[in-house]
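Asker: Below is work-v4.tsv; it holds TSV, C-alpha atoms.
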```
chain	number	residue	atom	x	y	z
S	126	MET	CA	0.00	0.00	0.00
S	127	VAL	CA	1.30	3.46	-0.95
S	128	PRO	CA	1.21	5.84	2.04
S	129	ALA	CA	-0.47	9.22	1.69
S	130	ASP	CA	2.01	12.09	1.56
S	131	HIS	CA	-0.41	14.88	2.48
S	132	LEU	CA	0.39	17.08	-0.51
S	133	PRO	CA	-1.91	20.04	-1.18
S	134	ASP	CA	-3.31	20.45	-4.69
S	135	ALA	CA	-0.85	23.28	-5.35
S	136	ALA	CA	2.05	20.86	-4.90
S	137	LEU	CA	1.07	19.14	-8.16
S	138	GLU	CA	1.11	22.34	-10.21
S	139	PRO	CA	4.09	22.91	-12.57
S	140	VAL	CA	6.90	25.21	-11.41
S	141	ARG	CA	9.57	26.67	-13.69
S	142	PRO	CA	13.24	26.67	-12.70
S	143	ALA	CA	14.25	30.11	-11.39
S	144	TYR	CA	17.77	30.16	-12.82
S	145	GLY	CA	19.57	33.37	-11.93
S	146	SER	CA	17.16	34.48	-9.21
S	147	HIS	CA	16.42	31.71	-6.69
S	148	SER	CA	17.59	28.31	-7.87
S	149	LEU	CA	20.05	25.64	-6.76
S	150	ALA	CA	22.53	27.11	-9.24
S	151	ASP	CA	22.60	30.31	-7.17
S	152	VAL	CA	23.53	28.78	-3.78
S	153	LEU	CA	27.29	28.33	-4.04
S	154	PRO	CA	27.92	31.56	-6.01
S	155	SER	CA	26.12	33.44	-3.23
S	156	ALA	CA	28.00	31.58	-0.51
S	157	CYS	CA	31.27	32.29	-2.28
S	158	ALA	CA	30.36	35.99	-2.44
S	159	VAL	CA	30.01	35.99	1.35
S	160	LEU	CA	33.45	34.38	1.60
S	161	GLY	CA	35.03	37.04	-0.61
S	162	VAL	CA	35.60	35.03	-3.79
S	163	PRO	CA	36.21	37.60	-6.55
S	164	GLY	CA	33.46	37.77	-9.17
S	165	ALA	CA	31.01	35.56	-7.26
S	166	PRO	CA	27.51	37.08	-7.51
S	167	ASP	CA	25.38	37.20	-4.36
S	168	VAL	CA	22.17	36.36	-6.21
S	169	LEU	CA	20.41	35.17	-3.05
S	170	GLY	CA	21.42	38.17	-0.94
S	171	LEU	CA	23.24	36.06	1.64
S	172	ARG	CA	25.61	38.83	2.70
S	173	ASP	CA	22.80	40.47	4.66
S	174	ARG	CA	21.98	37.24	6.53
S	175	LEU	CA	25.59	36.14	7.00
S	176	ASP	CA	27.35	39.36	7.92
S	177	GLY	CA	30.61	38.49	9.68
S	178	VAL	CA	30.54	34.83	8.61
S	179	THR	CA	33.82	33.44	7.27
S	180	ARG	CA	33.02	29.71	7.31
S	181	ILE	CA	30.02	28.20	5.56
S	182	GLY	CA	28.78	24.64	5.74
S	183	VAL	CA	26.38	23.51	3.01
S	184	LEU	CA	24.40	20.37	3.86
S	185	LEU	CA	22.38	18.80	1.04
S	186	VAL	CA	19.61	16.52	2.31
S	187	ASP	CA	18.58	14.35	-0.61
S	188	GLY	CA	14.81	14.38	-1.13
S	189	LEU	CA	13.98	17.17	1.34
S	190	GLY	CA	11.56	19.14	-0.81
S	191	ALA	CA	9.85	22.25	0.51
S	192	HIS	CA	6.53	20.38	0.43
S	193	GLN	CA	7.97	17.58	2.58
S	194	ILE	CA	8.78	19.93	5.47
S	195	PRO	CA	5.21	20.04	6.90
S	196	VAL	CA	5.15	16.22	6.81
S	197	LEU	CA	8.62	16.02	8.37
S	198	SER	CA	8.09	18.69	11.03
S	199	PRO	CA	6.64	16.44	13.78
S	200	TYR	CA	9.84	14.37	13.64
S	201	ALA	CA	12.27	17.24	13.00
S	202	PRO	CA	11.48	20.31	15.14
S	203	THR	CA	14.83	21.97	14.42
S	204	VAL	CA	14.15	21.76	10.70
S	205	ALA	CA	10.64	23.13	11.22
S	206	ASP	CA	12.04	26.02	13.26
S	207	LEU	CA	14.67	26.87	10.65
S	208	ALA	CA	11.99	26.75	7.95
S	209	THR	CA	10.09	29.62	9.56
S	210	SER	CA	12.88	32.01	8.54
S	211	GLY	CA	14.01	30.14	5.46
S	212	ARG	CA	13.07	30.61	1.84
S	213	THR	CA	12.15	28.49	-1.15
S	214	LEU	CA	14.39	27.85	-4.14
S	215	THR	CA	13.82	25.76	-7.23
S	216	ALA	CA	15.77	22.78	-8.45
S	217	GLY	CA	16.91	22.67	-12.04
S	218	PHE	CA	15.31	20.43	-14.63
S	219	PRO	CA	15.05	17.51	-14.51
S	220	SER	CA	14.86	17.60	-10.72
S	221	THR	CA	16.95	14.47	-10.20
S	222	THR	CA	19.94	13.86	-7.97
S	223	PRO	CA	22.92	13.82	-10.38
S	224	THR	CA	21.61	16.82	-12.29
S	225	SER	CA	21.04	18.76	-9.07
S	226	LEU	CA	24.37	17.85	-7.47
S	227	VAL	CA	26.28	19.19	-10.46
S	228	THR	CA	24.02	22.24	-10.63
S	229	VAL	CA	24.95	22.99	-7.01
S	230	GLY	CA	28.63	22.33	-7.54
S	231	THR	CA	29.07	24.34	-10.73
S	232	GLY	CA	26.58	27.11	-10.05
S	233	VAL	CA	25.21	26.89	-13.61
S	234	PRO	CA	21.97	25.44	-15.09
S	235	PRO	CA	21.86	21.81	-16.29
S	236	GLY	CA	21.95	22.68	-19.96
S	237	VAL	CA	25.30	24.38	-19.46
S	238	HIS	CA	27.01	21.66	-17.41
S	239	GLY	CA	25.51	18.82	-19.43
S	240	ILE	CA	24.50	16.34	-16.70
S	241	LEU	CA	21.00	16.32	-18.09
S	242	GLY	CA	19.37	13.39	-16.38
S	243	PHE	CA	19.77	10.28	-14.27
S	244	THR	CA	20.60	8.46	-17.50
S	245	VAL	CA	21.26	9.91	-20.95
S	246	ARG	CA	22.47	8.54	-24.27
S	247	ARG	CA	26.05	9.00	-25.43
S	248	PRO	CA	26.97	9.82	-29.03
S	249	ASP	CA	27.91	6.14	-29.57
S	250	GLY	CA	24.40	5.04	-28.56
S	251	ARG	CA	25.34	3.65	-25.15
S	252	THR	CA	23.65	4.93	-22.01
S	253	VAL	CA	25.41	6.78	-19.19
S	254	ASN	CA	24.07	6.26	-15.68
S	255	HIS	CA	25.41	9.32	-13.89
S	256	VAL	CA	25.15	7.78	-10.42
S	257	HIS	CA	27.27	4.73	-11.39
S	258	TRP	CA	29.55	6.69	-13.73
S	259	LYS	CA	33.25	6.09	-13.16
S	260	HIS	CA	35.73	7.27	-15.81
S	261	ASP	CA	33.97	6.64	-19.13
S	262	PRO	CA	33.14	9.12	-20.54
S	263	ASP	CA	36.00	11.29	-19.31
S	264	PRO	CA	34.48	13.61	-16.67
S	265	ALA	CA	36.56	16.58	-17.81
S	266	ALA	CA	35.14	16.29	-21.34
S	267	TRP	CA	31.60	15.27	-20.40
S	268	GLN	CA	31.18	18.07	-17.82
S	269	PRO	CA	33.45	20.98	-18.88
S	270	GLU	CA	32.39	23.64	-16.36
S	271	PRO	CA	34.70	24.49	-13.42
S	272	THR	CA	33.14	23.90	-10.04
S	273	ARG	CA	32.57	26.64	-7.48
S	274	PHE	CA	34.75	24.63	-5.12
S	275	ALA	CA	37.66	24.98	-7.54
S	276	THR	CA	37.18	28.73	-7.99
S	277	ALA	CA	36.82	29.17	-4.22
S	278	ALA	CA	40.00	27.19	-3.56
S	279	ALA	CA	41.87	29.26	-6.14
S	280	ALA	CA	40.81	32.36	-4.19
S	281	GLY	CA	42.20	31.01	-0.93
S	282	VAL	CA	39.05	29.45	0.52
S	283	ALA	CA	39.51	26.06	2.20
S	284	ALA	CA	37.02	24.00	0.15
S	285	THR	CA	36.03	20.54	1.39
S	286	ALA	CA	33.50	17.94	0.25
S	287	VAL	CA	32.42	15.30	2.77
S	288	VAL	CA	31.05	12.39	0.76
S	289	ARG	CA	30.86	8.65	1.26
S	290	PRO	CA	34.27	7.05	0.58
S	291	GLU	CA	33.07	4.80	-2.25
S	292	PHE	CA	32.35	7.87	-4.39
S	293	GLU	CA	35.89	9.23	-4.33
S	294	GLY	CA	37.11	9.89	-7.87
S	295	SER	CA	33.80	8.96	-9.56
S	296	GLY	CA	32.65	10.89	-12.59
S	297	LEU	CA	29.82	12.50	-10.62
S	298	THR	CA	32.12	13.46	-7.74
S	299	VAL	CA	34.67	15.04	-10.06
S	300	SER	CA	31.94	16.87	-11.98
S	301	ALA	CA	30.17	18.20	-8.89
S	302	TYR	CA	32.97	18.67	-6.33
S	303	GLY	CA	36.20	18.84	-8.33
S	304	GLY	CA	38.70	21.18	-6.69
S	305	ALA	CA	37.47	20.48	-3.16
S	306	ARG	CA	39.49	18.42	-0.70
S	307	PHE	CA	37.70	15.08	-0.56
S	308	VAL	CA	36.90	13.69	2.89
S	309	GLY	CA	35.51	10.17	2.97
S	310	GLN	CA	32.51	10.40	5.27
S	311	ASN	CA	32.72	8.57	8.57
S	312	ASP	CA	30.44	10.69	10.78
S	313	LEU	CA	28.93	13.41	8.59
S	314	ALA	CA	28.24	15.93	11.37
S	315	ALA	CA	31.65	15.43	12.99
S	316	ASP	CA	33.45	15.51	9.64
S	317	MET	CA	31.79	18.77	8.58
S	318	ILE	CA	32.44	20.42	11.94
S	319	ALA	CA	36.07	19.29	11.89
S	320	ALA	CA	36.62	20.80	8.45
S	321	LEU	CA	34.93	24.07	9.43
S	322	SER	CA	36.89	24.27	12.69
S	323	ALA	CA	40.28	23.46	11.14
S	324	ALA	CA	40.23	26.35	8.67
S	325	SER	CA	42.39	29.32	9.61
S	326	GLY	CA	40.69	31.52	7.02
S	327	PRO	CA	37.56	31.40	4.86
S	328	ALA	CA	36.08	27.91	4.51
S	329	LEU	CA	33.40	26.23	2.41
S	330	VAL	CA	32.42	22.74	3.57
S	331	TYR	CA	29.85	20.62	1.76
S	332	GLY	CA	28.15	17.46	3.00
S	333	TYR	CA	25.60	15.09	1.45
S	334	HIS	CA	22.97	13.04	3.32
S	335	PRO	CA	21.03	10.40	1.29
S	336	ASP	CA	18.83	8.55	3.78
S	337	LEU	CA	15.54	10.48	3.47
S	338	ASP	CA	15.47	10.07	-0.29
S	339	LYS	CA	16.33	6.37	-0.05
S	340	LYS	CA	13.49	5.61	2.37
S	341	GLY	CA	11.06	7.66	0.30
S	342	HIS	CA	11.89	5.64	-2.80
S	343	GLU	CA	11.69	2.31	-1.00
S	344	ASP	CA	8.69	2.81	1.28
S	345	GLY	CA	7.10	6.16	0.44
S	346	VAL	CA	7.00	9.64	1.92
S	347	ASP	CA	5.54	9.50	5.46
S	348	SER	CA	6.05	5.76	5.79
S	349	PRO	CA	7.44	4.52	9.14
S	350	SER	CA	10.94	4.15	7.68
S	351	TRP	CA	10.73	7.63	6.13
S	352	ARG	CA	9.73	9.08	9.52
S	353	ALA	CA	12.75	7.35	11.08
S	354	ALA	CA	14.95	8.91	8.39
S	355	ALA	CA	13.35	12.29	9.16
S	356	ARG	CA	14.41	11.88	12.78
S	357	GLY	CA	17.90	11.14	11.49
S	358	VAL	CA	17.88	14.41	9.52
S	359	GLU	CA	16.82	16.22	12.69
S	360	ALA	CA	19.64	14.67	14.73
S	361	LEU	CA	22.21	15.48	12.04
S	362	ILE	CA	21.23	19.12	11.67
S	363	ASP	CA	20.86	19.63	15.41
S	364	ARG	CA	24.38	18.29	16.00
S	365	ILE	CA	25.92	20.55	13.36
S	366	VAL	CA	24.04	23.66	14.45
S	367	HIS	CA	25.06	23.26	18.08
S	368	ALA	CA	28.73	22.64	17.23
S	369	LEU	CA	29.33	25.40	14.68
S	370	PRO	CA	32.62	27.19	15.37
S	371	PRO	CA	32.78	31.00	15.67
S	372	ARG	CA	31.87	33.02	12.58
S	373	ALA	CA	30.31	29.97	10.92
S	374	ALA	CA	26.91	29.30	9.38
S	375	LEU	CA	25.09	26.28	8.02
S	376	LEU	CA	23.00	26.29	4.86
S	377	VAL	CA	20.62	23.35	4.42
S	378	ILE	CA	19.38	22.63	0.91
S	379	ALA	CA	17.95	19.73	-1.09
S	380	ASP	CA	18.25	18.41	-4.60
S	381	HIS	CA	14.52	17.78	-5.17
S	382	GLY	CA	11.34	16.73	-3.43
S	383	GLN	CA	9.34	13.53	-3.79
S	384	LEU	CA	5.78	12.32	-4.22
S	385	ASN	CA	4.18	8.94	-3.80
S	386	VAL	CA	2.87	7.22	-6.92
S	387	PRO	CA	-0.12	4.83	-6.72
S	388	ALA	CA	-0.24	1.61	-8.72
S	389	ASP	CA	-2.93	2.86	-11.11
S	390	ALA	CA	-0.77	5.81	-12.24
S	391	ARG	CA	2.02	3.63	-13.70
S	392	PHE	CA	2.16	3.30	-17.49
S	393	ASP	CA	4.59	0.55	-18.53
S	394	MET	CA	6.09	0.39	-22.02
S	395	ALA	CA	6.27	-3.39	-21.67
S	396	ASP	CA	2.48	-3.58	-21.46
S	397	ILE	CA	1.41	-0.88	-23.94
S	398	PRO	CA	2.37	-1.40	-27.61
S	399	ASP	CA	1.69	2.25	-28.53
S	400	LEU	CA	4.49	3.28	-26.16
S	401	ARG	CA	6.99	0.91	-27.80
S	402	ALA	CA	6.27	1.61	-31.46
S	403	GLY	CA	9.04	3.57	-33.17
S	404	VAL	CA	11.22	3.84	-30.04
S	405	ALA	CA	14.88	2.92	-30.52
S	406	GLY	CA	16.14	3.91	-27.07
S	407	VAL	CA	14.98	5.14	-23.68
S	408	ALA	CA	16.77	7.11	-20.95
S	409	GLY	CA	15.88	9.52	-18.14
S	410	GLU	CA	13.72	8.06	-15.38
S	411	PRO	CA	10.03	7.41	-14.69
S	412	ARG	CA	8.95	11.03	-14.16
S	413	VAL	CA	10.90	12.43	-17.12
S	414	ARG	CA	11.55	10.11	-20.04
S	415	TYR	CA	13.95	10.72	-22.90
S	416	LEU	CA	12.90	8.84	-26.04
S	417	TYR	CA	15.24	8.22	-28.97
S	418	THR	CA	13.28	7.31	-32.08
S	419	GLU	CA	13.73	5.14	-35.12
S	420	PRO	CA	14.38	7.06	-38.38
S	421	GLY	CA	11.27	8.93	-39.51
S	422	ALA	CA	9.22	7.87	-36.50
S	423	LEU	CA	9.37	11.01	-34.35
S	424	ASP	CA	5.92	12.39	-35.18
S	425	ASP	CA	4.27	8.98	-34.77
S	426	VAL	CA	5.96	8.42	-31.40
S	427	VAL	CA	4.83	11.84	-30.17
S	428	ALA	CA	1.27	11.06	-31.26
S	429	GLY	CA	1.35	7.59	-29.70
S	430	TRP	CA	2.56	8.79	-26.31
S	431	ARG	CA	0.15	11.72	-26.28
S	432	GLY	CA	-2.67	9.33	-27.08
S	433	VAL	CA	-1.82	7.09	-24.12
S	434	PHE	CA	-1.05	9.77	-21.53
S	435	GLY	CA	-3.44	12.56	-22.53
S	436	ASP	CA	-3.11	15.40	-20.03
S	437	GLN	CA	-1.14	13.22	-17.63
S	438	ALA	CA	2.13	14.06	-19.39
S	439	TRP	CA	3.67	16.70	-21.62
S	440	VAL	CA	5.13	14.96	-24.67
S	441	LEU	CA	7.50	17.45	-26.31
S	442	PRO	CA	9.95	17.29	-29.20
S	443	ARG	CA	13.44	18.07	-27.90
S	444	GLU	CA	13.67	21.53	-29.45
S	445	GLU	CA	10.38	22.55	-27.89
S	446	ALA	CA	11.61	21.49	-24.44
S	447	ILE	CA	14.88	23.37	-24.92
S	448	ASP	CA	13.18	26.48	-26.27
S	449	GLY	CA	10.87	26.40	-23.25
S	450	GLY	CA	13.88	27.18	-21.04
S	451	TRP	CA	13.55	24.14	-18.78
S	452	PHE	CA	17.23	23.23	-18.99
S	453	GLY	CA	18.61	26.77	-19.23
S	454	PRO	CA	20.94	27.42	-22.19
S	455	VAL	CA	21.94	24.20	-23.95
S	456	PRO	CA	25.10	24.39	-26.12
S	457	PRO	CA	25.18	22.28	-29.30
S	458	GLY	CA	27.46	19.65	-27.77
S	459	HIS	CA	24.92	18.81	-25.09
S	460	ARG	CA	21.70	18.79	-27.10
S	461	ASP	CA	21.85	15.18	-28.30
S	462	ARG	CA	22.06	13.93	-24.70
S	463	ILE	CA	18.41	14.92	-24.38
S	464	GLY	CA	16.02	12.52	-26.06
S	465	GLU	CA	14.49	13.48	-29.37
S	466	ILE	CA	11.27	13.42	-27.36
S	467	VAL	CA	10.96	14.58	-23.74
S	468	VAL	CA	8.07	13.11	-21.73
S	469	ILE	CA	7.35	15.14	-18.58
S	470	CYS	CA	4.86	13.33	-16.35
S	471	GLN	CA	2.25	15.37	-14.51
S	472	GLY	CA	0.19	14.71	-11.39
S	473	ARG	CA	1.41	11.44	-9.87
S	474	THR	CA	1.93	9.60	-13.16
S	475	ILE	CA	5.08	7.69	-14.11
S	476	ALA	CA	6.31	6.15	-17.37
S	477	VAL	CA	7.89	2.77	-16.61
S	478	ALA	CA	10.41	1.58	-19.21
S	479	GLY	CA	9.85	-2.16	-18.90
S	480	GLY	CA	12.45	-3.96	-21.00
S	481	TRP	CA	14.75	-0.93	-21.07
S	482	GLU	CA	15.79	-0.62	-17.44
S	483	PRO	CA	15.94	-2.88	-14.35
S	484	PRO	CA	12.47	-3.85	-13.05
S	485	PRO	CA	13.01	-2.37	-9.55
S	486	VAL	CA	12.96	1.14	-11.06
S	487	GLY	CA	9.25	0.79	-11.78
S	488	ARG	CA	8.46	-0.67	-8.36
S	489	LEU	CA	9.57	2.21	-6.16
S	490	ILE	CA	7.00	4.10	-4.09
S	491	ALA	CA	8.11	7.74	-4.31
S	492	TYR	CA	9.57	9.45	-7.39
S	493	HIS	CA	10.86	12.83	-8.56
S	494	ALA	CA	12.45	14.57	-11.58
S	495	SER	CA	9.37	16.23	-13.06
S	496	VAL	CA	8.28	19.87	-12.82
S	497	THR	CA	5.60	19.80	-10.11
S	498	ALA	CA	6.05	22.04	-7.09
S	499	ALA	CA	6.43	18.92	-4.92
S	500	GLU	CA	9.54	17.99	-6.89
S	501	MET	CA	10.91	21.37	-7.97
S	502	GLN	CA	10.57	23.51	-4.84
S	503	ILE	CA	13.30	23.03	-2.25
S	504	PRO	CA	14.16	24.83	0.98
S	505	LEU	CA	17.08	27.05	1.84
S	506	LEU	CA	17.48	26.92	5.62
S	507	ILE	CA	20.08	29.07	7.39
S	508	ALA	CA	21.53	28.56	10.87
S	509	ARG	CA	24.38	30.48	12.45
```
Do you think you could lay out the structure here as structure tokens?
Answerer:
Amino acid sequence: MVPADHLPDAALEPVRPAYGSHSLADVLPSACAVLGVPGAPDVLGLRDRLDGVTRIGVLLVDGLGAHQIPVLSPYAPTVADLATSGRTLTAGFPSTTPTSLVTVGTGVPPGVHGILGFTVRRPDGRTVNHVHWKHDPDPAAWQPEPTRFATAAAAGVAATAVVRPEFEGSGLTVSAYGGARFVGQNDLAADMIAALSAASGPALVYGYHPDLDKKGHEDGVDSPSWRAAARGVEALIDRIVHALPPRAALLVIADHGQLNVPADARFDMADIPDLRAGVAGVAGEPRVRYLYTEPGALDDVVAGWRGVFGDQAWVLPREEAIDGGWFGPVPPGHRDRIGEIVVICQGRTIAVAGGWEPPPVGRLIAYHASVTAAEMQIPLLIAR
């Protein structure tokens, strides 16, 4: 049984990425401006909130959307308290973890950095899974933008990324955190506090916490295991806040939100011939599908998917999705990573790619990556 996640109707309305005003891409540039990095724009106006701060911790809680905070609040009073003075940002598109992590790290929209989905197709026709990506393709070529950690370090800021040890040197780590000193996470709160405390000058310390997202996927938002993970988020943030060294602040952000998907809202390509016809390849994930079509089949595939989904998905040719500004600017070298057709699920619908990806992907409870407020709107919480 899928648990209710108590989302208001407004949480299912589409939200556009607010690149350049209040998006994930604006967090590290603004933090770097506080720390005195030359040329870093304070888009979010953090100087006013962080006057006198010389050390900034940035904690990303995977799956902590702005619309999850009311559900989480009974189990996380510190988070609820910080939210009263916080603000709402938007993720980039698609609102999925690898895309968002690199958006945070580079401070640019997804179209610019090129990590345009959980999975995308390479020029040779193979698929890249950005979470399991190691060294092929070469991270420096696949994601050419410098990170904000690298520019901060070049300006004399002690930049540190606290991430689980198994991700050291991965393509995603290099793309998102390149230039930062890598610390293999042992105790996330203690590791972040140690890095903030050890700095003799300006410091930028990043940490990543995955548990809330994991339990949402496995058991659903507001399930017993998700509530236990929410208590873990509370304990983590409370520990960091109460151990911040002098002239330090903590920013808490997320990569996306989540929503629970009932069984009757799952459309599986394996079961519906009209979703398979003319399709040569599939990437993305269940809330945002990238379709690569057989020669001459694009119009028929668009019509077939629109016929099945109706108003439960936007089925857009690639150029229409790009021109709509969802990805931000997309240079020519990154355009073919996006499917020739982009399917953006609405409401609580998902598009399962049976036969194209492992079966467990279609059996999760909570999903993200689309453009609803529940997925796109994320908090910025500030403690000092």
Asker: In Å, with one decimal, what is the gap from CA of Ser198 in chain S to CA of Gly472 in chain S?
Answerer: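 Spanning CA of Ser198 in chain S to CA of Gly472 in chain S is a straight-line distance of 24.1 Å.
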Asker: Neighbours of Gly435 in chain S within 12 Å (all atoms listed in the file; same-chain residues fewer than 6 positions away dropped), as a PyMOL selection string?
Answerer: chain S and resi 392+427-429+468-472+474
Asker: Taking into account all atoms listed in the file, which residue in the set S:Ser210, S:Thr244, S:Thr497, S:Thr179 is nearest to Val282 in chain S?
Answerer: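 Smallest separation from Val282 in chain S among the options: S:Thr179.
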Asker: Could you please determine the separation between CA of Gly421 in chain S and CA of Gly487 in chain S in Å, to one decimal place?
Answerer: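 Result for CA of Gly421 in chain S versus CA of Gly487 in chain S: 29.0 Å, one decimal.
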Asker: Hey, can you pull every residue with an atom no more than 7 Å from (18.7, 24.2, -12.4), using all atoms listed in the file, and send it as a PyMOL selection string?
Answerer: chain S and resi 142+144+148-150+216-218+225+228+234-235+452
Asker: Write out the residues from the selection above, keeping C-alpha atoms, as a CSV table (one decimal), keeping the file's coordinate frame.
Answerer:
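Saved file selection_39.csv follows:
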```
chain,number,residue,atom,x,y,z
S,142,PRO,CA,13.2,26.7,-12.7
S,144,TYR,CA,17.8,30.2,-12.8
S,148,SER,CA,17.6,28.3,-7.9
S,149,LEU,CA,20.0,25.6,-6.8
S,150,ALA,CA,22.5,27.1,-9.2
S,216,ALA,CA,15.8,22.8,-8.4
S,217,GLY,CA,16.9,22.7,-12.0
S,218,PHE,CA,15.3,20.4,-14.6
S,225,SER,CA,21.0,18.8,-9.1
S,228,THR,CA,24.0,22.2,-10.6
S,234,PRO,CA,22.0,25.4,-15.1
S,235,PRO,CA,21.9,21.8,-16.3
S,452,PHE,CA,17.2,23.2,-19.0
```
Asker: At a cut-off of 9 Å from (5.4, 2.1, -30.9) in the coordinates of the file, what residues are picked up using all atoms listed in the file, written as a PyMOL selection string?
Answerer: chain S and resi 397-404+422+425-426+429-430
Asker: Which is closer to Val168 in chain S than all the others in S:Tyr200, S:Pro133, S:Gly232, S:Thr224, using all atoms listed in the file?
Answerer: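 Ranked by minimum distance to Val168 in chain S, first place goes to S:Gly232.
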Asker: Quick check, in Å to one decimal: how far apart do CA of Asp389 in chain S and CA of Ile503 in chain S lie?
Answerer: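 That distance, rounded to one decimal, is 27.4 Å.
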Asker: Might you pull out every residue within 12 Å of Pro484 in chain S, with only C-alpha atoms counted and same-chain residues fewer than 4 positions away left off, and present them as a list in words?
Answerer: Asp393, Met394, Ala395, Pro411, Val477, Ala478, Gly479, Gly480, Arg488 and Leu489 of chain S
Asker: Take the residues from that selection and put them in a file with C-alpha atoms, as a short mmCIF file (atom, residue, chain, number, x, y, z; two decimals), in the coordinates of the input.
Answerer:
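Below is the file part_13.cif, written as the result:
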```cif
data_model
loop_
_atom_site.label_atom_id
_atom_site.label_comp_id
_atom_site.auth_asym_id
_atom_site.auth_seq_id
_atom_site.Cartn_x
_atom_site.Cartn_y
_atom_site.Cartn_z
CA ASP S 393 4.59 0.55 -18.53
CA MET S 394 6.09 0.39 -22.02
CA ALA S 395 6.27 -3.39 -21.67
CA PRO S 411 10.03 7.41 -14.69
CA VAL S 477 7.89 2.77 -16.61
CA ALA S 478 10.41 1.58 -19.21
CA GLY S 479 9.85 -2.16 -18.90
CA GLY S 480 12.45 -3.96 -21.00
CA ARG S 488 8.46 -0.67 -8.36
CA LEU S 489 9.57 2.21 -6.16
#
```
Asker: Go through S:Ser495, S:Ala379, S:Ala354, S:Ile466 one by one, measure the shortest atom-to-atom distance of each to Ala201 in chain S using only C-alpha atoms, and give the residue with the smallest value.
Answerer: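 Looking only at the distances to Ala201 in chain S, the closest residue turns out to be S:Ala354.
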Asker: I need the residue nearest Thr213 in chain S from this list: S:Gly230, S:Gly190, S:Gly464, S:Pro335. Use all atoms listed in the file for the distance.
Answerer: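 Smallest separation from Thr213 in chain S among the options: S:Gly190.
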Asker: Residues near range 349-353 of chain S, anyone? I mean within 8 Å using all atoms listed in the file, not counting same-chain ones fewer than 4 positions away, as a list in words.
Answerer: Leu197, Tyr200, Leu337, Lys340, Gly341, Asp344, Gly345 and Gly357 of chain S
Asker: So that I can check the surroundings of Leu175 in chain S, please list as a PyMOL selection string every protein, DNA and RNA residue that reaches within 8 Å of it, counting only C-alpha atoms and ignoring chain neighbours fewer than 2 positions away.
Answerer: chain S and resi 159+171-173+177-178+374+509
Asker: Could you check the closest approach to Ala191 in chain S for each of S:Arg460, S:Arg251, S:Arg443, S:His381 and tell me which residue wins, using all atoms listed in the file?
Answerer: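 That would be S:His381, the residue with the smallest distance to Ala191 in chain S.
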Asker: Which one is closest to Glu359 in chain S: S:Pro485, S:Pro199, S:Gly326, S:Gly161? Count all atoms listed in the file.
Answerer: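 Nearest candidate to Glu359 in chain S out of S:Pro485, S:Pro199, S:Gly326, S:Gly161: S:Pro199.
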Asker: At a cut-off of 6 Å, using all atoms listed in the file, what residues contact Gly239 in chain S? Leave out same-chain residues fewer than 2 positions from it and give the result as a ChimeraX atom specification.
Answerer: /S:235-237,241,268,459
Asker: Go ahead and write the residues just picked, C-alpha atoms, as a JSON list (two decimals), in the coordinates of the input.
Answerer:
```
[["chain", "number", "residue", "atom", "x", "y", "z"],
["S", 235, "PRO", "CA", 21.86, 21.81, -16.29],
["S", 236, "GLY", "CA", 21.95, 22.68, -19.96],
["S", 237, "VAL", "CA", 25.30, 24.38, -19.46],
["S", 241, "LEU", "CA", 21.00, 16.32, -18.09],
["S", 268, "GLN", "CA", 31.18, 18.07, -17.82],
["S", 459, "HIS", "CA", 24.92, 18.81, -25.09]]
```
